Amino acid sequence: MVSPRSRHPTTMENLPGEVLSDIFIRLLAKQLAQMRCVCKDWNALLSESSFVNSHLHRSMHINQKILMFFGVRADCTSFTASPFSSPAIELDNFFKFPVNLESQPARCFGNVVGCVKGLICFKYESGDDYIVCIQNHSLSAFLTLPPCSMGSSSESRNINFRFGYDPKTDDYKAVKLTELFNPRRMAPVEVYSVRKGKGSWELVSQRIPSHLQCIKDQDLVCVDGHEGHLHWICYTYIGGKLAESILAFDLGSERFKEIPFPDSLRTCCFGDRLNVVGVLGGKVCVMSRVRDTDCEVWVMDEYSWVKLHVFSGFSGGDKIFPCGFTSNNQFLFRCMNELERYGLYDPVTAKSKSFKIRRGSVGCKIVEYVDSLVWIN
């Protein structure tokens, strides 16, 4: 006599949707992309935004994050990838650039703009032209954005691109800031929305405050833009003295807001003080070092600045260069005397972790990469 269990054997095809989801969520995005081709039901399940978000959440909080150090050089293809938990270990053959990026001419200067939820944004400039592209390495998906609405001109002094995610509209946006000179001023800001698909760059109606005359492009750790806001350090004049201030941009409302620095950090003394801005625990923060002193970390709590941490970095007393903050609320810094040597400071344990990267990636942009199912339309 045949039992009911043997007449209806359990297979992947007849498993309940919640069981399939529990299995699939543990797999890599590359494997799941292949499974979308098995049948319509699997494709529908793996394409649901709820599953994509759950898989991403697991990648960000359970799976291994990857620190990627991209060298600032003409072809932008020199990089080092290491596990976040063990940055001294280098991952071989972890990342591959799209063919059309690798084939860019030697005169084409490339750089990393940012990385949000597994999407890496690059920019390439050749003469007066800019190429901005977004890649999901896990899915081998690649998108080249259309040319900006406002091209470069002889007035362009500095052009700064940023990339971020707006949780209110579930949209990824690239932002372009252009600094002009003669007289020095900021041009209208341009924004490209990935959600709108095959659109174009649009001008933001609000102008950057006129007293903010210069953008400081020293965002070495590209983890900004996850919370719906982007941040820049700007220069302005207060009482005839050059001072630093924070310019914040809301990716949802596309509005700017200026955030003054802590009073003790406002005055700008080139060569004496190094400031970097970031996000720590969802709050705007600043890491600052003055000459040979320790690093201070200030956090904007409600409407005032609070100095939360002071740390020295390397145990040997080597001078350090503040780089920025990680999404795990750790502080990343570099050795001033040994450029390929970096450190991660954990404020919870009050301990630093030192590691080295390949010399070809020195002077780099640093991003955190996670496995992601986010598709680029």
# chains A, B, ... in the order shown; residues from 1 in each chain; ligands from 1

call {"tool": "select_by_dssp", "arguments": {"residues": "region 162-263 of chain A", "states": "strand (DSSP E)", "output": "count of residues only"}}
result
52

call {"tool": "residues_around", "arguments": {"residues": "region 35-40 of chain A", "least_positions_apart": "3", "cutoff": "12 Å", "atoms": "only C-alpha atoms", "output": "PyMOL selection string"}}
result
chain A and resi 12-13+20+24+27-32+43-48+139+373

call {"tool": "write_last_selection", "arguments": {"atoms": "C-alpha atoms", "output": "mmCIF file, in the first residue's frame"}}
result
data_model
loop_
_atom_site.group_PDB
_atom_site.id
_atom_site.type_symbol
_atom_site.label_atom_id
_atom_site.label_comp_id
_atom_site.auth_asym_id
_atom_site.auth_seq_id
_atom_site.Cartn_x
_atom_site.Cartn_y
_atom_site.Cartn_z
ATOM 1 C CA MET A 12 10.883 22.581 -4.689
ATOM 2 C CA GLU A 13 7.946 23.242 -6.990
ATOM 3 C CA LEU A 20 10.832 29.021 -0.455
ATOM 4 C CA PHE A 24 16.131 31.756 -1.138
ATOM 5 C CA LEU A 27 21.516 32.560 -1.227
ATOM 6 C CA LEU A 28 23.654 35.080 -3.081
ATOM 7 C CA ALA A 29 22.053 37.573 -5.446
ATOM 8 C CA LYS A 30 23.897 36.062 -8.416
ATOM 9 C CA GLN A 31 22.358 32.646 -7.691
ATOM 10 C CA LEU A 32 18.890 34.131 -7.233
ATOM 11 C CA ASN A 43 10.473 34.946 -10.901
ATOM 12 C CA ALA A 44 7.441 36.632 -9.316
ATOM 13 C CA LEU A 45 8.592 35.734 -5.791
ATOM 14 C CA LEU A 46 12.174 36.885 -6.296
ATOM 15 C CA SER A 47 11.017 40.111 -7.966
ATOM 16 C CA GLU A 48 8.755 41.200 -5.099
ATOM 17 C CA LEU A 139 23.761 40.941 -10.834
ATOM 18 C CA LEU A 373 19.172 42.104 -5.531
#

call {"tool": "residues_around", "arguments": {"residues": "region 223-231 of chain A", "least_positions_apart": "5", "cutoff": "10 Å", "atoms": "only C-alpha atoms", "output": "ChimeraX atom specification"}}
result
/A:114-117,162-173,175,246-259,277-279,282-284,324-327,366-369

call {"tool": "atom_distance", "arguments": {"atom1": "CA of Arg291 (chain A)", "atom2": "CA of Leu274 (chain A)"}}
result
8.2 Å
